[in-house]
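Read through the structure below, which is laid out as structure tokens, and then see the notes.
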Amino acid sequence: ISVVAAVAMLGVSTAAQADITVSTGGPTGTYHQFFVDIKKVCGDKVNLVELPSKGGDENLTNLVEKTAHVAFVQTDTLKFVSMKDPRVNEADLQTLIPLYNEEVHLIAKGATKSSGGLNLGFTTLGGKTVVVSKLEDLKGLKVGAWGGSITTASAMNVFGKGEIDVILAVGGQPLGFAKTLTPAYRLIEISSASSSKMSFYVPTRINYTNMNASVGTIAAQSYLVTRNIRSAAIKAELSILKAGSAENLDDLVDGKCHPKWKEVKLDAPTVWAK
């Protein structure tokens with residue numbers, strides 16, 4: 001009798017575990033580090049495969065185009081993208097795990113210009129890099145995020161050349177690239193009143209000892225999001241992933257993991273929860 005036949009007679013399944021693809025971010029970003037941390041505690045139960053990306057916008061694209069089963073996304077990205085892409089909606093996407101706040105970082109090198117406005121580099125939701133001459137030019141624009149390393153690397157390149165005066169980056173502090181900056185760079189405060197204009201922003205603070213800075217800013221909640229998957233096998237793997245993260249949350253908080261784990265509250269209100 002063959003081994004396969006013997007296994008079948010004993011009623012043991014020979015089906016391999018399904019891979020769960022997770023769309024993250026750049027190699028020094030918070031999304032990547034959270035993936036690494038989750039894999040530490042769940043990797044022996046779920047086959048997790050990382051799909052690097054340029055951040056939340058691309059993560060949503062990977063999710064709706066079925067390149068990924070799970071993606072890291074923040075609330076403002078979900079809200080803004082849903083306005084223009086009908087595939088991003090409550091019926092087709094759902095929160096798997098609520099995560100942490102992602103702070104808005106405005107970083108300048110030295111003093112900004114006192115006259116003639118300033119050059120502000122940022123990315124739109126379509127991923128196009130835009131430079132404006134004054135803050136007023138941002139009115140009516142849906143501003144995306146630099147969060148991690150892939151897009152911030154290009155931003156830092158033009159930043160270092162003096163082609164722009166300010167970088168806008170959104171991500172869980174401490175951001176990898178921001179930790180490398182010297183006191184020659186400074187954080188610009190964002191008024192807490194800004195959070196009242198859009199309900200998904202909350203007032204908070206960011207602190208970077210390398211820049212000798214601590215300023216007020218605003219933040220958006222981030223989530224591990226999945227799509228409406230019908231496969232029983234994939235759904236079972238996602239359930240294991242969710243349960244494993246919950247069971248090991250104390251180890252993730254206390255261990256050598258990203259400091260943002262201490263902010264994770266699994267019973268926190270979520271968007272598009274099912």
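Residues are named by chain letter and number: chains run A, B, ... in the order of the structure tokens, numbers start at 1 in each chain, and ligands are numbered from 1 in the order shown.
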Task: Non-local contacts of Glu65 in chain A (12 Å; only C-alpha atoms; under 3 positions in same chain excluded) as an MDAnalysis selection string - done: chainID A and resid 23 58:62 68:71 85 87:88 92:93 226:227
Skip range 253-267 of chain A itself and residues of its chain fewer than 2 positions away, then list as an mmCIF file with N, CA and C atoms, in the first residue's frame all residues within 12 Å of it, counting only C-alpha atoms.
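As written to disk, result_22.cif reads:
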data_model
loop_
_atom_site.group_PDB
_atom_site.id
_atom_site.type_symbol
_atom_site.label_atom_id
_atom_site.label_comp_id
_atom_site.auth_asym_id
_atom_site.auth_seq_id
_atom_site.Cartn_x
_atom_site.Cartn_y
_atom_site.Cartn_z
ATOM 1 N N THR A 28 12.047 49.540 5.612
ATOM 2 C CA THR A 28 12.314 50.158 6.914
ATOM 3 C C THR A 28 11.054 50.747 7.522
ATOM 4 N N GLY A 29 9.905 50.490 6.907
ATOM 5 C CA GLY A 29 8.656 51.065 7.379
ATOM 6 C C GLY A 29 8.008 50.279 8.505
ATOM 7 N N THR A 30 7.025 50.904 9.152
ATOM 8 C CA THR A 30 6.323 50.276 10.263
ATOM 9 C C THR A 30 5.514 49.071 9.805
ATOM 10 N N TYR A 31 4.902 49.150 8.620
ATOM 11 C CA TYR A 31 4.119 48.020 8.110
ATOM 12 C C TYR A 31 4.995 46.766 7.963
ATOM 13 N N HIS A 32 6.184 46.956 7.414
ATOM 14 C CA HIS A 32 7.091 45.816 7.249
ATOM 15 C C HIS A 32 7.454 45.219 8.605
ATOM 16 N N GLN A 33 7.779 46.088 9.571
ATOM 17 C CA GLN A 33 8.180 45.585 10.876
ATOM 18 C C GLN A 33 7.038 44.849 11.565
ATOM 19 N N PHE A 34 5.807 45.358 11.406
ATOM 20 C CA PHE A 34 4.661 44.664 11.992
ATOM 21 C C PHE A 34 4.470 43.291 11.347
ATOM 22 N N PHE A 35 4.692 43.207 10.035
ATOM 23 C CA PHE A 35 4.600 41.909 9.364
ATOM 24 C C PHE A 35 5.629 40.934 9.953
ATOM 25 N N VAL A 36 6.856 41.416 10.116
ATOM 26 C CA VAL A 36 7.919 40.571 10.683
ATOM 27 C C VAL A 36 7.526 40.099 12.084
ATOM 28 N N ASP A 37 6.967 41.010 12.879
ATOM 29 C CA ASP A 37 6.571 40.667 14.247
ATOM 30 C C ASP A 37 5.443 39.639 14.257
ATOM 31 N N ILE A 38 4.443 39.838 13.393
ATOM 32 C CA ILE A 38 3.321 38.900 13.328
ATOM 33 C C ILE A 38 3.798 37.528 12.873
ATOM 34 N N LYS A 39 4.728 37.508 11.934
ATOM 35 C CA LYS A 39 5.244 36.227 11.437
ATOM 36 C C LYS A 39 5.984 35.476 12.537
ATOM 37 N N LYS A 40 6.605 36.217 13.457
ATOM 38 C CA LYS A 40 7.303 35.577 14.569
ATOM 39 C C LYS A 40 6.348 34.729 15.401
ATOM 40 N N VAL A 41 5.132 35.246 15.619
ATOM 41 C CA VAL A 41 4.203 34.558 16.526
ATOM 42 C C VAL A 41 3.180 33.694 15.798
ATOM 43 N N THR A 95 -12.264 44.860 8.205
ATOM 44 C CA THR A 95 -11.133 44.921 9.128
ATOM 45 C C THR A 95 -10.855 43.550 9.716
ATOM 46 N N LEU A 96 -9.590 43.141 9.655
ATOM 47 C CA LEU A 96 -9.175 41.898 10.288
ATOM 48 C C LEU A 96 -8.655 42.181 11.696
ATOM 49 N N ILE A 97 -7.742 43.155 11.801
ATOM 50 C CA ILE A 97 -7.167 43.522 13.100
ATOM 51 C C ILE A 97 -7.004 45.046 13.169
ATOM 52 N N PRO A 98 -7.549 45.712 14.199
ATOM 53 C CA PRO A 98 -7.263 47.132 14.395
ATOM 54 C C PRO A 98 -5.838 47.296 14.911
ATOM 55 N N LEU A 99 -5.117 48.292 14.412
ATOM 56 C CA LEU A 99 -3.713 48.427 14.791
ATOM 57 C C LEU A 99 -3.447 49.700 15.594
ATOM 58 N N TYR A 100 -2.729 50.649 15.055
ATOM 59 C CA TYR A 100 -2.205 51.771 15.823
ATOM 60 C C TYR A 100 -2.450 53.066 15.063
ATOM 61 N N ASN A 101 -2.195 54.187 15.709
ATOM 62 C CA ASN A 101 -2.297 55.481 15.044
ATOM 63 C C ASN A 101 -1.050 55.752 14.204
ATOM 64 N N GLU A 102 -1.279 56.288 13.005
ATOM 65 C CA GLU A 102 -0.169 56.700 12.141
ATOM 66 C C GLU A 102 -0.118 58.221 12.124
ATOM 67 N N GLU A 103 0.995 58.747 12.609
ATOM 68 C CA GLU A 103 1.109 60.191 12.772
ATOM 69 C C GLU A 103 1.532 60.893 11.476
ATOM 70 N N GLY A 171 2.994 57.845 9.004
ATOM 71 C CA GLY A 171 3.351 56.492 9.423
ATOM 72 C C GLY A 171 3.541 56.432 10.918
ATOM 73 N N GLY A 172 3.582 55.223 11.451
ATOM 74 C CA GLY A 172 3.735 55.044 12.887
ATOM 75 C C GLY A 172 5.120 55.453 13.350
ATOM 76 N N GLN A 173 5.162 56.358 14.288
ATOM 77 C CA GLN A 173 6.466 56.769 14.820
ATOM 78 C C GLN A 173 7.055 55.660 15.698
ATOM 79 N N PRO A 174 8.382 55.497 15.615
ATOM 80 C CA PRO A 174 9.331 56.305 14.848
ATOM 81 C C PRO A 174 9.472 55.801 13.408
ATOM 82 N N LEU A 175 9.396 56.715 12.442
ATOM 83 C CA LEU A 175 9.644 56.354 11.050
ATOM 84 C C LEU A 175 11.134 56.086 10.865
ATOM 85 N N GLY A 176 11.446 55.050 10.080
ATOM 86 C CA GLY A 176 12.835 54.657 9.892
ATOM 87 C C GLY A 176 13.723 55.788 9.391
ATOM 88 N N GLN A 221 -5.966 56.195 12.286
ATOM 89 C CA GLN A 221 -5.869 54.801 12.722
ATOM 90 C C GLN A 221 -5.483 53.902 11.545
ATOM 91 N N SER A 222 -4.673 52.890 11.830
ATOM 92 C CA SER A 222 -4.321 51.919 10.796
ATOM 93 C C SER A 222 -4.950 50.569 11.130
ATOM 94 N N TYR A 223 -5.097 49.745 10.090
ATOM 95 C CA TYR A 223 -5.747 48.450 10.240
ATOM 96 C C TYR A 223 -5.068 47.415 9.357
ATOM 97 N N LEU A 224 -5.231 46.163 9.733
ATOM 98 C CA LEU A 224 -4.938 45.057 8.839
ATOM 99 C C LEU A 224 -6.280 44.682 8.224
ATOM 100 N N LYS A 242 -5.747 35.927 12.817
ATOM 101 C CA LYS A 242 -6.377 36.875 13.745
ATOM 102 C C LYS A 242 -6.276 36.374 15.181
ATOM 103 N N ALA A 243 -6.597 35.110 15.394
ATOM 104 C CA ALA A 243 -6.551 34.537 16.741
ATOM 105 C C ALA A 243 -5.126 34.493 17.288
ATOM 106 N N SER A 245 -2.606 36.453 16.544
ATOM 107 C CA SER A 245 -2.154 37.800 16.900
ATOM 108 C C SER A 245 -2.729 38.214 18.251
ATOM 109 N N ALA A 246 -3.997 37.876 18.480
ATOM 110 C CA ALA A 246 -4.646 38.222 19.747
ATOM 111 C C ALA A 246 -4.024 37.463 20.914
ATOM 112 N N GLU A 247 -3.801 36.177 20.710
ATOM 113 C CA GLU A 247 -3.252 35.341 21.783
ATOM 114 C C GLU A 247 -1.837 35.752 22.174
ATOM 115 N N ASN A 248 -1.103 36.308 21.234
ATOM 116 C CA ASN A 248 0.300 36.652 21.477
ATOM 117 C C ASN A 248 0.522 38.158 21.619
ATOM 118 N N LEU A 249 -0.553 38.924 21.826
ATOM 119 C CA LEU A 249 -0.409 40.380 21.889
ATOM 120 C C LEU A 249 0.533 40.808 23.009
ATOM 121 N N ASP A 250 0.443 40.181 24.176
ATOM 122 C CA ASP A 250 1.327 40.557 25.285
ATOM 123 C C ASP A 250 2.795 40.331 24.914
ATOM 124 N N ASP A 251 3.073 39.234 24.220
ATOM 125 C CA ASP A 251 4.456 38.965 23.792
ATOM 126 C C ASP A 251 4.919 39.993 22.762
ATOM 127 N N PRO A 269 -12.825 50.417 18.246
ATOM 128 C CA PRO A 269 -13.784 50.574 17.136
ATOM 129 C C PRO A 269 -13.055 50.471 15.804
ATOM 130 N N THR A 270 -13.686 49.821 14.829
ATOM 131 C CA THR A 270 -13.033 49.619 13.537
ATOM 132 C C THR A 270 -13.923 50.105 12.403
ATOM 133 N N ALA A 273 -16.188 46.727 9.942
ATOM 134 C CA ALA A 273 -16.010 45.481 10.701
ATOM 135 C C ALA A 273 -17.121 44.508 10.395
#
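From CA of Phe177 in chain A back to CA of Val73 in chain A, the distance works out to 19.7 Å.
Taking only C-alpha atoms into account, Pro203 in chain A lies nearest to A:Val104 out of the set A:Val81, A:Ile234, A:Val104, A:Ile167.
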Open item on the list: Would you compute the distance between CA of Lys54 in chain A and CA of Gly26 in chain A? Give it in Å to one decimal.
Closed with: 6.3 Å
TODO: List every residue of range 3-79 of chain A that DSSP, applied to the backbone of this structure, assigns to helix (DSSP H, G or I), and report them as a ChimeraX atom specification.
DONE: /A:3-9,30-42,56-64,75-79
Selection file, C-alpha atoms, as a short mmCIF file (atom, residue, chain, number, x, y, z; two decimals), in the first residue's frame:
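Generated file (selection_9.cif):
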data_model
loop_
_atom_site.label_atom_id
_atom_site.label_comp_id
_atom_site.auth_asym_id
_atom_site.auth_seq_id
_atom_site.Cartn_x
_atom_site.Cartn_y
_atom_site.Cartn_z
CA VAL A 3 2.00 6.11 1.76
CA VAL A 4 -0.60 8.40 0.13
CA ALA A 5 -3.20 5.66 0.19
CA ALA A 6 -2.40 4.85 3.81
CA VAL A 7 -2.77 8.48 4.82
CA ALA A 8 -6.09 8.67 2.96
CA MET A 9 -7.34 5.53 4.72
CA THR A 30 6.32 50.28 10.26
CA TYR A 31 4.12 48.02 8.11
CA HIS A 32 7.09 45.82 7.25
CA GLN A 33 8.18 45.59 10.88
CA PHE A 34 4.66 44.66 11.99
CA PHE A 35 4.60 41.91 9.36
CA VAL A 36 7.92 40.57 10.68
CA ASP A 37 6.57 40.67 14.25
CA ILE A 38 3.32 38.90 13.33
CA LYS A 39 5.24 36.23 11.44
CA LYS A 40 7.30 35.58 14.57
CA VAL A 41 4.20 34.56 16.53
CA CYS A 42 1.99 33.16 13.74
CA GLY A 56 -1.37 52.28 1.92
CA ASP A 57 -2.58 53.31 -1.54
CA GLU A 58 -0.76 50.49 -3.30
CA ASN A 59 -1.81 48.09 -0.54
CA LEU A 60 -5.47 48.84 -1.28
CA THR A 61 -4.86 48.29 -4.99
CA ASN A 62 -3.20 44.96 -4.27
CA LEU A 63 -6.17 43.98 -2.13
CA VAL A 64 -8.97 44.85 -4.56
CA THR A 75 -8.40 55.20 7.79
CA ASP A 76 -7.81 58.32 5.71
CA THR A 77 -6.57 56.25 2.77
CA LEU A 78 -9.67 54.03 2.98
CA LYS A 79 -11.97 57.03 3.06
#
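Going from CA of Thr180 in chain A to CA of Ala219 in chain A covers 21.5 Å.
Residue nearest Ser191 in chain A within the list A:Arg230, A:Ala18, A:Thr209, A:Leu106: A:Leu106 [criterion: smallest interatomic distance, only C-alpha atoms].
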From range 14-103 of chain A, collect each residue whose DSSP state is strand (DSSP E or B) and return the set as a PDB file with N, CA, C and O atoms, in the first residue's frame.
ATOM      1  N   ASP A  19      -1.048  29.800   1.125  1.00  0.00           N
ATOM      2  CA  ASP A  19      -0.241  30.972   1.430  1.00  0.00           C
ATOM      3  C   ASP A  19      -1.155  32.177   1.617  1.00  0.00           C
ATOM      4  O   ASP A  19      -2.108  32.367   0.861  1.00  0.00           O
ATOM      5  N   ILE A  20      -0.848  33.004   2.614  1.00  0.00           N
ATOM      6  CA  ILE A  20      -1.576  34.256   2.836  1.00  0.00           C
ATOM      7  C   ILE A  20      -0.635  35.399   2.493  1.00  0.00           C
ATOM      8  O   ILE A  20       0.378  35.619   3.175  1.00  0.00           O
ATOM      9  N   THR A  21      -0.945  36.114   1.415  1.00  0.00           N
ATOM     10  CA  THR A  21      -0.097  37.214   0.960  1.00  0.00           C
ATOM     11  C   THR A  21      -0.515  38.508   1.654  1.00  0.00           C
ATOM     12  O   THR A  21      -1.695  38.878   1.649  1.00  0.00           O
ATOM     13  N   VAL A  22       0.460  39.193   2.252  1.00  0.00           N
ATOM     14  CA  VAL A  22       0.212  40.413   3.008  1.00  0.00           C
ATOM     15  C   VAL A  22       0.939  41.574   2.337  1.00  0.00           C
ATOM     16  O   VAL A  22       2.166  41.560   2.211  1.00  0.00           O
ATOM     17  N   SER A  23       0.190  42.572   1.902  1.00  0.00           N
ATOM     18  CA  SER A  23       0.780  43.759   1.276  1.00  0.00           C
ATOM     19  C   SER A  23       1.203  44.724   2.377  1.00  0.00           C
ATOM     20  O   SER A  23       0.393  45.137   3.212  1.00  0.00           O
ATOM     21  N   ASN A  47       1.093  30.252   6.682  1.00  0.00           N
ATOM     22  CA  ASN A  47       2.155  30.567   5.714  1.00  0.00           C
ATOM     23  C   ASN A  47       1.977  32.005   5.235  1.00  0.00           C
ATOM     24  O   ASN A  47       1.194  32.287   4.323  1.00  0.00           O
ATOM     25  N   LEU A  48       2.703  32.921   5.858  1.00  0.00           N
ATOM     26  CA  LEU A  48       2.597  34.341   5.538  1.00  0.00           C
ATOM     27  C   LEU A  48       3.665  34.740   4.524  1.00  0.00           C
ATOM     28  O   LEU A  48       4.847  34.461   4.714  1.00  0.00           O
ATOM     29  N   VAL A  49       3.236  35.408   3.450  1.00  0.00           N
ATOM     30  CA  VAL A  49       4.140  35.849   2.389  1.00  0.00           C
ATOM     31  C   VAL A  49       4.036  37.360   2.270  1.00  0.00           C
ATOM     32  O   VAL A  49       2.940  37.905   2.086  1.00  0.00           O
ATOM     33  N   GLU A  50       5.159  38.055   2.385  1.00  0.00           N
ATOM     34  CA  GLU A  50       5.143  39.515   2.312  1.00  0.00           C
ATOM     35  C   GLU A  50       5.176  39.991   0.865  1.00  0.00           C
ATOM     36  O   GLU A  50       5.939  39.492   0.036  1.00  0.00           O
ATOM     37  N   LEU A  51       4.347  41.000   0.574  1.00  0.00           N
ATOM     38  CA  LEU A  51       4.346  41.673  -0.720  1.00  0.00           C
ATOM     39  C   LEU A  51       4.704  43.138  -0.460  1.00  0.00           C
ATOM     40  O   LEU A  51       3.854  43.932  -0.040  1.00  0.00           O
ATOM     41  N   VAL A  70      -4.437  40.195   2.393  1.00  0.00           N
ATOM     42  CA  VAL A  70      -4.476  41.096   3.544  1.00  0.00           C
ATOM     43  C   VAL A  70      -3.584  42.293   3.240  1.00  0.00           C
ATOM     44  O   VAL A  70      -2.582  42.168   2.519  1.00  0.00           O
ATOM     45  N   ALA A  71      -3.948  43.464   3.785  1.00  0.00           N
ATOM     46  CA  ALA A  71      -3.148  44.660   3.529  1.00  0.00           C
ATOM     47  C   ALA A  71      -3.176  45.589   4.732  1.00  0.00           C
ATOM     48  O   ALA A  71      -4.168  45.657   5.461  1.00  0.00           O
ATOM     49  N   PHE A  72      -2.074  46.302   4.924  1.00  0.00           N
ATOM     50  CA  PHE A  72      -2.011  47.354   5.940  1.00  0.00           C
ATOM     51  C   PHE A  72      -2.536  48.646   5.311  1.00  0.00           C
ATOM     52  O   PHE A  72      -2.038  49.083   4.266  1.00  0.00           O
ATOM     53  N   VAL A  73      -3.519  49.269   5.958  1.00  0.00           N
ATOM     54  CA  VAL A  73      -4.131  50.487   5.418  1.00  0.00           C
ATOM     55  C   VAL A  73      -4.516  51.401   6.574  1.00  0.00           C
ATOM     56  O   VAL A  73      -4.840  50.920   7.669  1.00  0.00           O
ATOM     57  N   GLN A  74      -4.498  52.703   6.334  1.00  0.00           N
ATOM     58  CA  GLN A  74      -4.951  53.646   7.342  1.00  0.00           C
ATOM     59  C   GLN A  74      -6.319  54.223   6.959  1.00  0.00           C
ATOM     60  O   GLN A  74      -6.709  54.211   5.796  1.00  0.00           O
ATOM     61  N   LEU A  93     -14.715  44.884   1.566  1.00  0.00           N
ATOM     62  CA  LEU A  93     -13.528  44.929   2.424  1.00  0.00           C
ATOM     63  C   LEU A  93     -13.947  44.903   3.885  1.00  0.00           C
ATOM     64  O   LEU A  93     -15.029  45.382   4.231  1.00  0.00           O
ATOM     65  N   GLN A  94     -13.096  44.368   4.736  1.00  0.00           N
ATOM     66  CA  GLN A  94     -13.410  44.332   6.152  1.00  0.00           C
ATOM     67  C   GLN A  94     -12.145  44.348   6.989  1.00  0.00           C
ATOM     68  O   GLN A  94     -11.072  43.934   6.541  1.00  0.00           O
ATOM     69  N   THR A  95     -12.264  44.860   8.205  1.00  0.00           N
ATOM     70  CA  THR A  95     -11.133  44.921   9.128  1.00  0.00           C
ATOM     71  C   THR A  95     -10.855  43.550   9.716  1.00  0.00           C
ATOM     72  O   THR A  95     -11.765  42.893  10.222  1.00  0.00           O
ATOM     73  N   LEU A  96      -9.590  43.141   9.655  1.00  0.00           N
ATOM     74  CA  LEU A  96      -9.175  41.898  10.288  1.00  0.00           C
ATOM     75  C   LEU A  96      -8.655  42.181  11.696  1.00  0.00           C
ATOM     76  O   LEU A  96      -9.070  41.540  12.666  1.00  0.00           O
ATOM     77  N   ILE A  97      -7.742  43.155  11.801  1.00  0.00           N
ATOM     78  CA  ILE A  97      -7.167  43.522  13.100  1.00  0.00           C
ATOM     79  C   ILE A  97      -7.004  45.046  13.169  1.00  0.00           C
ATOM     80  O   ILE A  97      -6.377  45.632  12.282  1.00  0.00           O
ATOM     81  N   PRO A  98      -7.549  45.712  14.199  1.00  0.00           N
ATOM     82  CA  PRO A  98      -7.263  47.132  14.395  1.00  0.00           C
ATOM     83  C   PRO A  98      -5.838  47.296  14.911  1.00  0.00           C
ATOM     84  O   PRO A  98      -5.393  46.501  15.760  1.00  0.00           O
ATOM     85  N   LEU A  99      -5.117  48.292  14.412  1.00  0.00           N
ATOM     86  CA  LEU A  99      -3.713  48.427  14.791  1.00  0.00           C
ATOM     87  C   LEU A  99      -3.447  49.700  15.594  1.00  0.00           C
ATOM     88  O   LEU A  99      -3.932  49.831  16.706  1.00  0.00           O
ATOM     89  N   TYR A 100      -2.729  50.649  15.055  1.00  0.00           N
ATOM     90  CA  TYR A 100      -2.205  51.771  15.823  1.00  0.00           C
ATOM     91  C   TYR A 100      -2.450  53.066  15.063  1.00  0.00           C
ATOM     92  O   TYR A 100      -2.827  53.063  13.887  1.00  0.00           O
ATOM     93  N   ASN A 101      -2.195  54.187  15.709  1.00  0.00           N
ATOM     94  CA  ASN A 101      -2.297  55.481  15.044  1.00  0.00           C
ATOM     95  C   ASN A 101      -1.050  55.752  14.204  1.00  0.00           C
ATOM     96  O   ASN A 101       0.073  55.493  14.647  1.00  0.00           O
ATOM     97  N   GLU A 102      -1.279  56.288  13.005  1.00  0.00           N
ATOM     98  CA  GLU A 102      -0.169  56.700  12.141  1.00  0.00           C
ATOM     99  C   GLU A 102      -0.118  58.221  12.124  1.00  0.00           C
ATOM    100  O   GLU A 102      -1.051  58.883  11.676  1.00  0.00           O
ATOM    101  N   GLU A 103       0.995  58.747  12.609  1.00  0.00           N
ATOM    102  CA  GLU A 103       1.109  60.191  12.772  1.00  0.00           C
ATOM    103  C   GLU A 103       1.532  60.893  11.476  1.00  0.00           C
ATOM    104  O   GLU A 103       2.295  60.349  10.685  1.00  0.00           O
TER     105      GLU A 103
END
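Of the residues listed (A:Leu168, A:Ile190, A:Gly160, A:Met83), A:Leu168 shows the shortest atom-to-atom separation from His105 in chain A; distances use only C-alpha atoms.
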